[in-house]
$ cat model34.cif   # mmCIF, C-alpha atoms
data_start
loop_
_atom_site.label_atom_id
_atom_site.label_comp_id
_atom_site.auth_asym_id
_atom_site.auth_seq_id
_atom_site.Cartn_x
_atom_site.Cartn_y
_atom_site.Cartn_z
CA MET A 22 -13.95 38.42 -5.19
CA ASN A 23 -11.30 38.76 -2.52
CA ASN A 24 -13.95 38.27 0.16
CA THR A 25 -15.06 35.05 -1.53
CA ALA A 26 -11.50 33.84 -1.70
CA ALA A 27 -11.02 34.64 1.98
CA VAL A 28 -14.14 32.73 2.92
CA ALA A 29 -13.19 29.82 0.68
CA ARG A 30 -9.75 29.50 2.23
CA PRO A 31 -10.09 27.01 5.11
CA LYS A 32 -8.13 27.28 8.31
CA THR A 33 -4.89 25.33 8.54
CA TRP A 34 -4.89 23.57 11.90
CA MET A 35 -1.10 23.44 12.27
CA SER A 36 -1.16 22.27 15.89
CA VAL A 37 -3.39 19.34 14.93
CA LEU A 38 -1.17 18.48 11.96
CA LEU A 39 1.91 18.44 14.19
CA VAL A 40 0.18 16.25 16.78
CA LEU A 41 -1.08 13.92 14.04
CA GLY A 42 2.48 13.70 12.78
CA LEU A 43 3.65 12.86 16.30
CA THR A 44 1.01 10.15 16.76
CA HIS A 45 2.02 8.75 13.37
CA LEU A 46 5.62 8.76 14.59
CA LEU A 47 4.70 6.80 17.73
CA ASN A 48 2.50 4.38 15.83
CA ASP A 49 5.12 3.62 13.19
CA LEU A 50 7.97 3.54 15.70
CA ILE A 51 6.25 0.65 17.45
CA GLN A 52 5.61 -1.03 14.10
CA SER A 53 9.25 -0.65 13.10
CA LEU A 54 10.39 -2.50 16.21
CA ILE A 55 9.18 -5.72 14.58
CA PRO A 56 11.74 -5.87 11.73
CA ALA A 57 14.31 -4.17 13.96
CA VAL A 58 14.37 -7.18 16.32
CA TYR A 59 14.55 -9.77 13.52
CA PRO A 60 18.25 -10.51 14.16
CA ILE A 61 17.47 -11.20 17.82
CA LEU A 62 14.45 -13.39 16.99
CA ARG A 63 16.38 -15.21 14.28
CA GLU A 64 19.13 -16.19 16.72
CA LYS A 65 16.88 -16.93 19.71
CA TYR A 66 14.30 -19.03 17.84
CA GLN A 67 16.61 -20.35 15.08
CA LEU A 68 14.47 -18.86 12.30
CA ASP A 69 15.26 -19.01 8.59
CA PHE A 70 14.59 -16.23 6.08
CA VAL A 71 11.23 -17.72 5.09
CA GLN A 72 10.02 -17.58 8.70
CA ILE A 73 11.29 -13.99 8.98
CA GLY A 74 9.36 -13.13 5.82
CA ILE A 75 6.23 -14.79 7.22
CA ILE A 76 6.39 -12.57 10.33
CA THR A 77 6.43 -9.54 8.05
CA LEU A 78 3.67 -11.03 5.90
CA THR A 79 1.47 -11.66 8.97
CA PHE A 80 2.01 -8.14 10.27
CA GLN A 81 1.49 -6.50 6.88
CA ILE A 82 -1.61 -8.51 5.91
CA ALA A 83 -3.24 -7.81 9.28
CA GLY A 84 -2.43 -4.16 8.70
CA SER A 85 -3.84 -4.14 5.18
CA LEU A 86 -7.03 -6.18 5.05
CA LEU A 87 -9.00 -4.05 7.51
CA GLN A 88 -7.85 -0.63 6.31
CA PRO A 89 -10.11 -0.28 3.24
CA VAL A 90 -13.03 -1.66 5.29
CA VAL A 91 -12.41 0.80 8.12
CA GLY A 92 -12.02 3.61 5.58
CA ALA A 93 -15.27 2.77 3.79
CA ILE A 94 -17.18 2.63 7.08
CA THR A 95 -15.80 5.93 8.37
CA ASP A 96 -16.55 7.63 5.04
CA ARG A 97 -20.22 7.18 5.92
CA ARG A 98 -19.86 7.90 9.63
CA PRO A 99 -16.50 9.13 10.98
CA TYR A 100 -15.27 7.62 14.23
CA PRO A 101 -12.45 9.95 15.33
CA TYR A 102 -11.88 8.01 18.56
CA SER A 103 -11.25 4.80 16.60
CA THR A 104 -7.57 5.77 16.56
CA VAL A 105 -7.52 5.17 20.32
CA LEU A 106 -8.91 1.67 19.83
CA GLY A 107 -6.26 0.99 17.20
CA MET A 108 -3.47 1.98 19.58
CA MET A 109 -4.83 -0.41 22.23
CA PHE A 110 -4.43 -3.28 19.75
CA THR A 111 -0.89 -2.05 19.10
CA LEU A 112 -0.16 -1.94 22.83
CA ALA A 113 -1.39 -5.51 23.30
CA GLY A 114 0.73 -6.74 20.40
CA LEU A 115 3.82 -4.94 21.68
CA VAL A 116 3.60 -6.50 25.12
CA GLY A 117 2.83 -9.88 23.57
CA LEU A 118 5.90 -9.66 21.32
CA ALA A 119 8.09 -8.81 24.31
CA TYR A 120 7.15 -11.99 26.17
CA ALA A 121 6.18 -14.38 23.35
CA PRO A 122 7.55 -17.84 24.22
CA SER A 123 7.03 -19.33 20.75
CA TYR A 124 7.06 -18.50 17.06
CA HIS A 125 3.27 -18.79 16.81
CA LEU A 126 2.74 -16.19 19.54
CA ILE A 127 5.22 -13.92 17.77
CA LEU A 128 2.98 -14.13 14.70
CA LEU A 129 -0.14 -13.40 16.80
CA SER A 130 1.52 -10.37 18.41
CA ALA A 131 2.69 -9.06 15.04
CA ALA A 132 -0.87 -9.43 13.72
CA SER A 133 -2.24 -7.42 16.67
CA ILE A 134 0.15 -4.55 15.92
CA GLY A 135 -0.90 -4.70 12.27
CA ILE A 136 -4.60 -4.50 13.21
CA GLY A 137 -3.86 -1.42 15.31
CA SER A 138 -2.32 0.30 12.31
CA SER A 139 -5.20 -0.68 10.06
CA ILE A 140 -7.58 1.17 12.39
CA PHE A 141 -5.32 4.20 12.89
CA HIS A 142 -4.40 5.20 9.34
CA PRO A 143 -7.76 5.82 7.58
CA GLU A 144 -9.19 8.10 10.26
CA ALA A 145 -5.89 9.92 10.83
CA THR A 146 -5.60 10.50 7.06
CA ARG A 147 -9.07 12.08 7.02
CA MET A 148 -8.21 14.34 9.95
CA ALA A 149 -5.00 15.44 8.21
CA ARG A 150 -7.06 16.43 5.15
CA TYR A 151 -9.56 18.36 7.28
CA ALA A 152 -6.69 20.15 9.05
CA SER A 153 -4.78 20.94 5.83
CA GLY A 154 -6.43 24.25 5.03
CA GLY A 155 -6.15 23.35 1.36
CA ARG A 156 -2.39 22.75 1.65
CA GLN A 157 -2.69 19.04 1.08
CA GLY A 158 0.93 18.42 0.19
CA LEU A 159 2.14 20.12 3.35
CA ALA A 160 -0.42 18.28 5.50
CA GLN A 161 0.42 14.87 4.07
CA GLY A 162 4.11 15.72 4.21
CA ILE A 163 3.91 16.48 7.94
CA PHE A 164 1.81 13.38 8.54
CA GLN A 165 4.20 11.25 6.49
CA VAL A 166 7.36 12.64 8.01
CA GLY A 167 6.03 11.59 11.40
CA GLY A 168 5.45 8.04 10.22
CA GLN A 169 8.76 7.81 8.39
CA ALA A 170 10.68 9.26 11.35
CA GLY A 171 9.02 6.74 13.65
CA GLY A 172 9.93 3.94 11.26
CA ALA A 173 13.53 5.12 11.27
CA MET A 174 13.76 5.30 15.06
CA GLY A 175 12.85 1.63 15.55
CA PRO A 176 16.24 0.25 14.43
CA LEU A 177 18.03 2.93 16.46
CA PHE A 178 16.17 1.95 19.64
CA ALA A 179 16.79 -1.69 18.79
CA ALA A 180 20.54 -1.07 18.51
CA LEU A 181 20.75 1.04 21.68
CA ILE A 182 18.25 -0.76 23.92
CA ILE A 183 16.79 -4.03 22.65
CA VAL A 184 20.06 -5.59 21.44
CA GLN A 185 21.59 -4.76 24.82
CA ARG A 186 18.60 -5.65 27.03
CA GLY A 187 16.92 -8.44 25.11
CA GLN A 188 13.48 -9.18 23.68
CA GLU A 189 11.66 -8.37 26.93
CA SER A 190 12.76 -4.73 26.76
CA LEU A 191 10.15 -4.26 24.02
CA ALA A 192 7.64 -3.88 26.85
CA TRP A 193 9.30 -0.61 27.87
CA PHE A 194 7.86 1.00 24.76
CA ALA A 195 4.35 0.54 26.16
CA VAL A 196 4.83 3.98 27.73
CA LEU A 197 4.99 5.47 24.21
CA ALA A 198 1.78 3.68 23.24
CA LEU A 199 -0.02 5.17 26.26
CA PHE A 200 1.30 8.63 25.38
CA ALA A 201 -0.03 8.15 21.84
CA VAL A 202 -3.47 7.31 23.27
CA ALA A 203 -3.52 10.65 25.13
CA LEU A 204 -2.57 12.54 21.95
CA MET A 205 -5.22 10.72 19.91
CA ILE A 206 -7.91 11.66 22.41
CA TRP A 207 -6.84 15.32 22.00
CA THR A 208 -6.97 15.27 18.17
CA ALA A 209 -10.28 13.38 18.15
CA GLY A 210 -11.81 16.12 20.27
CA ARG A 211 -11.07 18.63 17.50
CA HIS A 212 -12.49 16.53 14.67
CA ASP A 213 -15.93 18.13 14.49
CA ALA A 214 -14.58 21.70 14.40
CA MET A 215 -12.11 20.82 11.62
CA LYS A 216 -14.77 19.03 9.63
CA HIS A 217 -17.14 22.01 9.91
CA SER A 218 -14.42 24.39 8.70
CA PHE A 219 -13.59 22.08 5.79
CA ILE A 220 -17.24 21.70 4.72
CA GLN A 221 -17.84 25.44 4.92
CA SER A 222 -14.85 26.00 2.67
CA VAL A 223 -16.16 23.50 0.12
CA LYS A 224 -19.57 25.20 0.13
CA ALA A 225 -17.99 28.64 -0.30
CA LYS A 226 -15.95 27.43 -3.26
CA ALA A 227 -19.05 25.88 -4.82
CA LYS A 228 -20.92 29.22 -4.55
CA SER A 229 -18.02 31.02 -6.21
CA GLY A 230 -18.08 28.56 -9.13
CA HIS A 231 -15.26 26.25 -8.02
CA LYS A 232 -16.86 22.81 -7.96
CA SER A 233 -15.11 19.54 -7.24
CA LYS A 234 -14.68 17.68 -10.50
CA THR A 235 -15.86 14.10 -10.79
CA TYR A 236 -14.23 11.67 -13.22
CA PRO A 237 -15.69 8.76 -15.20
CA PRO A 238 -15.36 5.36 -13.52
CA ALA A 239 -12.95 4.19 -16.23
CA VAL A 240 -10.61 7.12 -15.52
CA VAL A 241 -10.77 6.50 -11.77
CA ALA A 242 -10.14 2.76 -12.21
CA THR A 243 -7.21 3.32 -14.58
CA GLY A 244 -5.62 5.83 -12.25
CA LEU A 245 -6.01 3.64 -9.17
CA ILE A 246 -4.61 0.56 -10.94
CA VAL A 247 -1.54 2.44 -12.17
CA LEU A 248 -1.00 4.01 -8.75
CA THR A 249 -1.30 0.55 -7.16
CA LEU A 250 1.37 -0.89 -9.46
CA LEU A 251 3.67 2.04 -8.75
CA MET A 252 3.09 1.55 -5.04
CA PHE A 253 3.96 -2.14 -5.35
CA SER A 254 7.28 -1.45 -7.09
CA LYS A 255 8.17 1.11 -4.45
CA ASN A 256 7.17 -1.08 -1.52
CA ALA A 257 8.87 -4.21 -2.86
CA TYR A 258 12.16 -2.34 -3.08
CA ASN A 259 11.73 -0.70 0.32
CA GLU A 260 10.79 -3.99 1.94
CA SER A 261 14.03 -5.57 0.71
CA PHE A 262 15.74 -3.07 2.99
CA ARG A 263 13.28 -2.93 5.87
CA SER A 264 13.34 -6.70 6.41
CA PHE A 265 16.73 -7.81 5.06
CA TYR A 266 19.13 -4.85 4.94
CA THR A 267 20.67 -5.74 8.31
CA PHE A 268 21.33 -9.31 7.12
CA TYR A 269 22.79 -8.02 3.85
CA LEU A 270 25.25 -5.78 5.69
CA MET A 271 26.19 -8.55 8.13
CA ASP A 272 26.55 -11.30 5.50
CA HIS A 273 28.06 -9.22 2.68
CA PHE A 274 30.30 -6.84 4.64
CA GLY A 275 30.66 -8.56 8.02
CA ALA A 276 28.99 -5.67 9.88
CA SER A 277 27.92 -6.14 13.51
CA ILE A 278 24.26 -6.17 14.55
CA THR A 279 24.61 -2.72 16.15
CA THR A 280 26.27 -1.25 13.05
CA SER A 281 23.71 -2.78 10.71
CA GLN A 282 20.83 -1.45 12.84
CA PHE A 283 22.35 2.03 12.79
CA MET A 284 22.69 1.82 8.99
CA LEU A 285 19.04 0.80 8.77
CA PHE A 286 18.18 3.84 10.88
CA LEU A 287 20.01 6.13 8.42
CA PHE A 288 18.22 4.51 5.49
CA LEU A 289 14.80 4.94 7.08
CA ALA A 290 15.59 8.46 8.33
CA ALA A 291 16.05 9.45 4.69
CA SER A 292 12.41 8.40 4.20
CA ALA A 293 11.28 11.07 6.65
CA VAL A 294 13.12 13.83 4.79
CA GLY A 295 11.96 12.51 1.42
CA ALA A 296 8.32 12.31 2.51
CA LEU A 297 8.27 15.94 3.66
CA LEU A 298 10.09 17.22 0.57
CA GLY A 299 7.77 15.25 -1.69
CA GLY A 300 4.69 16.75 -0.07
CA ILE A 301 5.97 20.32 -0.21
CA LEU A 302 7.32 20.08 -3.77
CA GLY A 303 4.10 18.39 -4.88
CA ASP A 304 2.17 21.53 -3.89
CA ARG A 305 4.52 23.60 -6.07
CA ILE A 306 5.34 21.55 -9.17
CA GLY A 307 2.48 19.00 -9.15
CA ARG A 308 2.02 15.39 -8.04
CA TYR A 309 2.41 14.02 -11.55
CA LYS A 310 6.01 15.25 -11.81
CA ILE A 311 6.85 14.08 -8.31
CA ILE A 312 5.61 10.56 -9.10
CA TRP A 313 7.80 10.41 -12.22
CA ILE A 314 10.87 11.65 -10.36
CA SER A 315 10.44 9.56 -7.22
CA ILE A 316 9.77 6.17 -8.83
CA LEU A 317 11.97 6.23 -11.94
CA GLY A 318 14.62 8.66 -10.65
CA PRO A 319 16.49 6.25 -8.33
CA LEU A 320 17.07 3.68 -11.13
CA PRO A 321 20.73 4.58 -11.87
CA LEU A 322 21.54 4.42 -8.16
CA THR A 323 19.79 1.07 -7.59
CA LEU A 324 21.65 -0.48 -10.53
CA ILE A 325 25.00 0.59 -9.06
CA LEU A 326 24.21 -0.47 -5.48
CA PRO A 327 24.94 -4.25 -5.72
CA TYR A 328 28.51 -3.48 -6.84
CA ALA A 329 29.32 -0.78 -4.25
CA ASP A 330 31.64 -1.13 -1.25
CA PHE A 331 30.40 -0.54 2.29
CA GLN A 332 30.87 3.25 2.32
CA TRP A 333 29.18 3.75 -1.05
CA THR A 334 26.43 1.32 -0.07
CA VAL A 335 25.55 3.62 2.84
CA VAL A 336 25.57 6.73 0.62
CA LEU A 337 23.58 5.15 -2.21
CA THR A 338 20.89 3.65 0.03
CA ILE A 339 20.30 7.01 1.71
CA LEU A 340 20.00 8.78 -1.65
CA ILE A 341 17.73 6.08 -3.08
CA ASN A 342 15.30 6.22 -0.19
CA LEU A 343 15.41 10.03 -0.05
CA ILE A 344 14.13 10.15 -3.64
CA MET A 345 11.81 7.16 -3.49
CA ALA A 346 10.10 8.24 -0.24
CA SER A 347 8.84 11.43 -1.89
CA ALA A 348 6.34 9.33 -3.87
CA PHE A 349 3.82 8.35 -1.22
CA ALA A 350 2.25 11.73 -0.45
CA ALA A 351 1.98 12.44 -4.19
CA ILE A 352 0.37 9.05 -4.88
CA LEU A 353 -2.08 9.43 -1.99
CA ILE A 354 -3.16 12.98 -2.94
CA TYR A 355 -3.46 11.96 -6.61
CA ALA A 356 -5.83 9.17 -5.54
CA MET A 357 -7.80 11.59 -3.34
CA GLU A 358 -8.30 13.89 -6.30
CA LEU A 359 -9.61 10.96 -8.33
CA ALA A 360 -12.13 10.05 -5.61
CA PRO A 361 -12.61 13.21 -3.47
CA ASN A 362 -15.67 11.89 -1.65
CA ARG A 363 -14.05 8.65 -0.49
CA ILE A 364 -11.10 9.91 1.54
CA GLY A 365 -11.32 7.22 4.21
CA LEU A 366 -11.49 4.48 1.61
CA VAL A 367 -8.57 5.94 -0.35
CA GLY A 368 -6.50 6.36 2.80
CA GLY A 369 -7.32 2.84 3.97
CA LEU A 370 -6.72 1.37 0.53
CA PHE A 371 -3.32 2.91 -0.01
CA TYR A 372 -2.06 2.49 3.53
CA GLY A 373 -3.42 -1.03 3.31
CA LEU A 374 -1.55 -1.56 0.07
CA ASN A 375 1.52 -0.14 1.75
CA PHE A 376 1.26 -2.95 4.31
CA GLY A 377 -0.13 -5.78 2.22
CA LEU A 378 2.09 -5.40 -0.83
CA GLY A 379 5.12 -4.96 1.40
CA GLY A 380 4.22 -8.16 3.25
CA ILE A 381 3.85 -10.16 0.05
CA ALA A 382 7.18 -8.81 -1.18
CA ALA A 383 8.88 -9.71 2.12
CA ALA A 384 7.66 -13.33 1.96
CA VAL A 385 8.77 -13.72 -1.67
CA LEU A 386 12.12 -12.06 -1.08
CA GLY A 387 12.70 -14.17 2.03
CA ALA A 388 12.18 -17.39 0.06
CA LEU A 389 14.42 -16.05 -2.70
CA ALA A 390 17.15 -15.16 -0.20
CA ASP A 391 17.12 -18.69 1.25
CA LYS A 392 17.34 -20.20 -2.22
CA THR A 393 19.77 -17.92 -4.06
CA GLY A 394 21.42 -15.75 -1.41
CA ILE A 395 20.76 -12.28 -0.08
CA GLU A 396 23.11 -10.64 -2.62
CA ASN A 397 21.02 -11.91 -5.55
CA VAL A 398 17.90 -10.45 -3.96
CA TYR A 399 19.41 -6.96 -4.07
CA TRP A 400 20.60 -7.45 -7.64
CA LEU A 401 17.08 -8.41 -8.79
CA CYS A 402 15.45 -5.59 -6.80
CA SER A 403 17.74 -3.04 -8.48
CA PHE A 404 15.53 -3.24 -11.58
CA LEU A 405 12.25 -2.51 -9.77
CA PRO A 406 12.34 1.29 -10.35
CA LEU A 407 11.79 0.57 -14.06
CA ALA A 408 8.12 0.27 -13.05
CA GLY A 409 8.13 4.06 -12.89
CA LEU A 410 7.54 4.01 -16.64
CA LEU A 411 3.94 3.06 -15.81
CA ALA A 412 3.38 6.68 -14.78
CA TRP A 413 2.97 7.34 -18.52
CA PHE A 414 -0.50 5.76 -18.26
CA LEU A 415 -1.73 7.93 -15.39
CA PRO A 416 -4.76 9.98 -16.46
CA LYS A 417 -4.19 13.72 -16.60
CA ILE A 418 -6.48 15.28 -14.00
CA ASP A 419 -6.91 18.74 -12.51
CA ASN A 420 -5.12 19.89 -9.34
CA VAL A 421 -2.17 17.49 -9.72
#

$ encode --input "model34.cif" --output "structure tokens"
Amino acid sequence: MNNTAAVARPKTWMSVLLVLGLTHLLNDLIQSLIPAVYPILREKYQLDFVQIGIITLTFQIAGSLLQPVVGAITDRRPYPYSTVLGMMFTLAGLVGLAYAPSYHLILLSAASIGIGSSIFHPEATRMARYASGGRQGLAQGIFQVGGQAGGAMGPLFAALIIVQRGQESLAWFAVLALFAVALMIWTAGRHDAMKHSFIQSVKAKAKSGHKSKTYPPAVVATGLIVLTLLMFSKNAYNESFRSFYTFYLMDHFGASITTSQFMLFLFLAASAVGALLGGILGDRIGRYKIIWISILGPLPLTLILPYADFQWTVVLTILINLIMASAFAAILIYAMELAPNRIGLVGGLFYGLNFGLGGIAAAVLGALADKTGIENVYWLCSFLPLAGLLAWFLPKIDNV
């Protein structure tokens, strides 16, 4: 029995997980430079909040539409080196954004960066699962903490470099994109060995009587719909900060651009910690509990936020994102357990939703901010965590 268990336990490829986390960091750092330079673009091109929201919408839609398609294709035939192709799109968009002479070329560059992400995420998600050694929460936590840390670093680099040097300094970050390409080539070269180890583990478990459970289509559909709605509520709230938090701090408290960018960095840095904690705790107490806590838990804090002074605004936003960020790994693994043979599709779908739903929210919130004021946007968004009650309808499945 012990021998069977030893055979069934797959190898955890920790070095690959760490490098995947680093490539996710670099990928999402470059992505996060887009909203981080919004104050500069707004002033230079005289943009309103609707146009700012449309930039986010363009970037997010480009990053969402292809992801499920890429995931479905790579489920049938993995293309581990597709991550390199995705980063080349990101590199082209980054350089284009640095030198874009017009609003339309800004949109085209943002779309190119979004396409790069849509190619990167499904295949990288699959490799993280292969490398997990059965510790899915840890693997997704490491992968997520890389992405969240990269997202947090964008505003910091914007405050320290881009605000000081101007829009053209975005091109300096091309060096990071090239470094990411080298790392992606390294991880892609280990894909086949990880896949073989993973498949052998699945076969060993099947021989010992541990078979992967399949669920009726109605159960799968119900679970995915509920998870999608939970993802939307989370992303809509997060996007109110990612795209408009700097403007809120400047308009409501009179903060400088540098200060507001640093505050955005702190907010997004909390995402990195929350993502890792959510993945690790999910392995211990279950994804179902983590989803409940992460979506509904921040509600008291979000309701207080619109009435807080500057110091408490900083504290509350960090706490809110720390709790809320723990949801994504749990949601993604829950979906993988519902459809264990469609990992690429699930990864593409939920990363795609992460982009697409966030983009839709940004466009709507931008229009609302122009019409009613940025303060009213944050008051309305404070009620979004109530959507966590939808977790009641999640089907109870094994391994979560």

$ resolve_selection --input "model34.cif" --expression "the PyMOL selection byres ((chain A and resi 57) around 7)" --output "list in words"
Ser53, Leu54, Ile55, Pro56, Val58, Tyr59, Gly175, Pro176 and Ala179 of chain A

$ resolve_selection --input "model34.cif" --expression "the PyMOL selection byres ((chain A and resi 379-391) around 7)" --output "ChimeraX atom specification"
/A:70-71,74-75,77-78,81-82,256-257,260-261,264,375-378,392-395,398

$ resolve_selection --input "model34.cif" --expression "the PyMOL selection byres ((chain A and resi 118-133) around 8)" --output "PyMOL selection string"
chain A and resi 55+66+76-77+79-84+110-111+113-117+134-137+188-192

$ residues_around --input "model34.cif" --residues "Leu287 in chain A" --least-positions-apart "4" --cutoff "8 Å" --atoms "all atoms listed in the file" --output "ChimeraX atom specification"
/A:173,283,291,339

$ closest_atom_pairs --input "model34.cif" --of "range 104-189 of chain A" --to "range 200-210 of chain A" --cutoff "9 Å" --atoms "only C-alpha atoms" --output "tab-separated table"
residue	atom	partner	partner_atom	distance
A:Thr104	CA	A:Met205	CA	6.4
A:Val105	CA	A:Val202	CA	5.4
A:Leu106	CA	A:Val202	CA	8.6
A:Met108	CA	A:Val202	CA	6.5
A:Met109	CA	A:Val202	CA	7.9
A:Met148	CA	A:Thr208	CA	8.4

$ atom_distance --input "model34.cif" --atom1 "CA of His217 in chain A" --atom2 "CA of Gly158 in chain A"
20.8 Å

$ closest_residue --input "model34.cif" --among "A:Ser315, A:Ser153, A:Thr323, A:Thr280" --to "Cys402 in chain A" --atoms "only C-alpha atoms"
A:Thr323

$ closest_residue --input "model34.cif" --among "A:Phe268, A:Tyr102, A:Phe219, A:Phe414" --to "Tyr151 in chain A" --atoms "all atoms listed in the file"
A:Phe219

$ atom_distance --input "model34.cif" --atom1 "CA of Asp96 in chain A" --atom2 "CA of Ile51 in chain A"
26.9 Å

$ residues_near_point --input "model34.cif" --point "(-4.8, 2.8, -10.1)" --cutoff "10 Å" --atoms "only C-alpha atoms" --output "mmCIF file with C-alpha atoms, keeping the file's coordinate frame"
data_model
loop_
_atom_site.group_PDB
_atom_site.id
_atom_site.type_symbol
_atom_site.label_atom_id
_atom_site.label_comp_id
_atom_site.auth_asym_id
_atom_site.auth_seq_id
_atom_site.Cartn_x
_atom_site.Cartn_y
_atom_site.Cartn_z
ATOM 1 C CA VAL A 240 -10.610 7.120 -15.520
ATOM 2 C CA VAL A 241 -10.770 6.500 -11.770
ATOM 3 C CA ALA A 242 -10.140 2.760 -12.210
ATOM 4 C CA THR A 243 -7.210 3.320 -14.580
ATOM 5 C CA GLY A 244 -5.620 5.830 -12.250
ATOM 6 C CA LEU A 245 -6.010 3.640 -9.170
ATOM 7 C CA ILE A 246 -4.610 0.560 -10.940
ATOM 8 C CA VAL A 247 -1.540 2.440 -12.170
ATOM 9 C CA LEU A 248 -1.000 4.010 -8.750
ATOM 10 C CA THR A 249 -1.300 0.550 -7.160
ATOM 11 C CA LEU A 250 1.370 -0.890 -9.460
ATOM 12 C CA LEU A 251 3.670 2.040 -8.750
ATOM 13 C CA MET A 252 3.090 1.550 -5.040
ATOM 14 C CA ILE A 352 0.370 9.050 -4.880
ATOM 15 C CA TYR A 355 -3.460 11.960 -6.610
ATOM 16 C CA ALA A 356 -5.830 9.170 -5.540
ATOM 17 C CA LEU A 359 -9.610 10.960 -8.330
ATOM 18 C CA PHE A 414 -0.500 5.760 -18.260
ATOM 19 C CA LEU A 415 -1.730 7.930 -15.390
ATOM 20 C CA PRO A 416 -4.760 9.980 -16.460
#

$ atom_distance --input "model34.cif" --atom1 "CA of Leu39 in chain A" --atom2 "CA of Phe141 in chain A"
16.0 Å
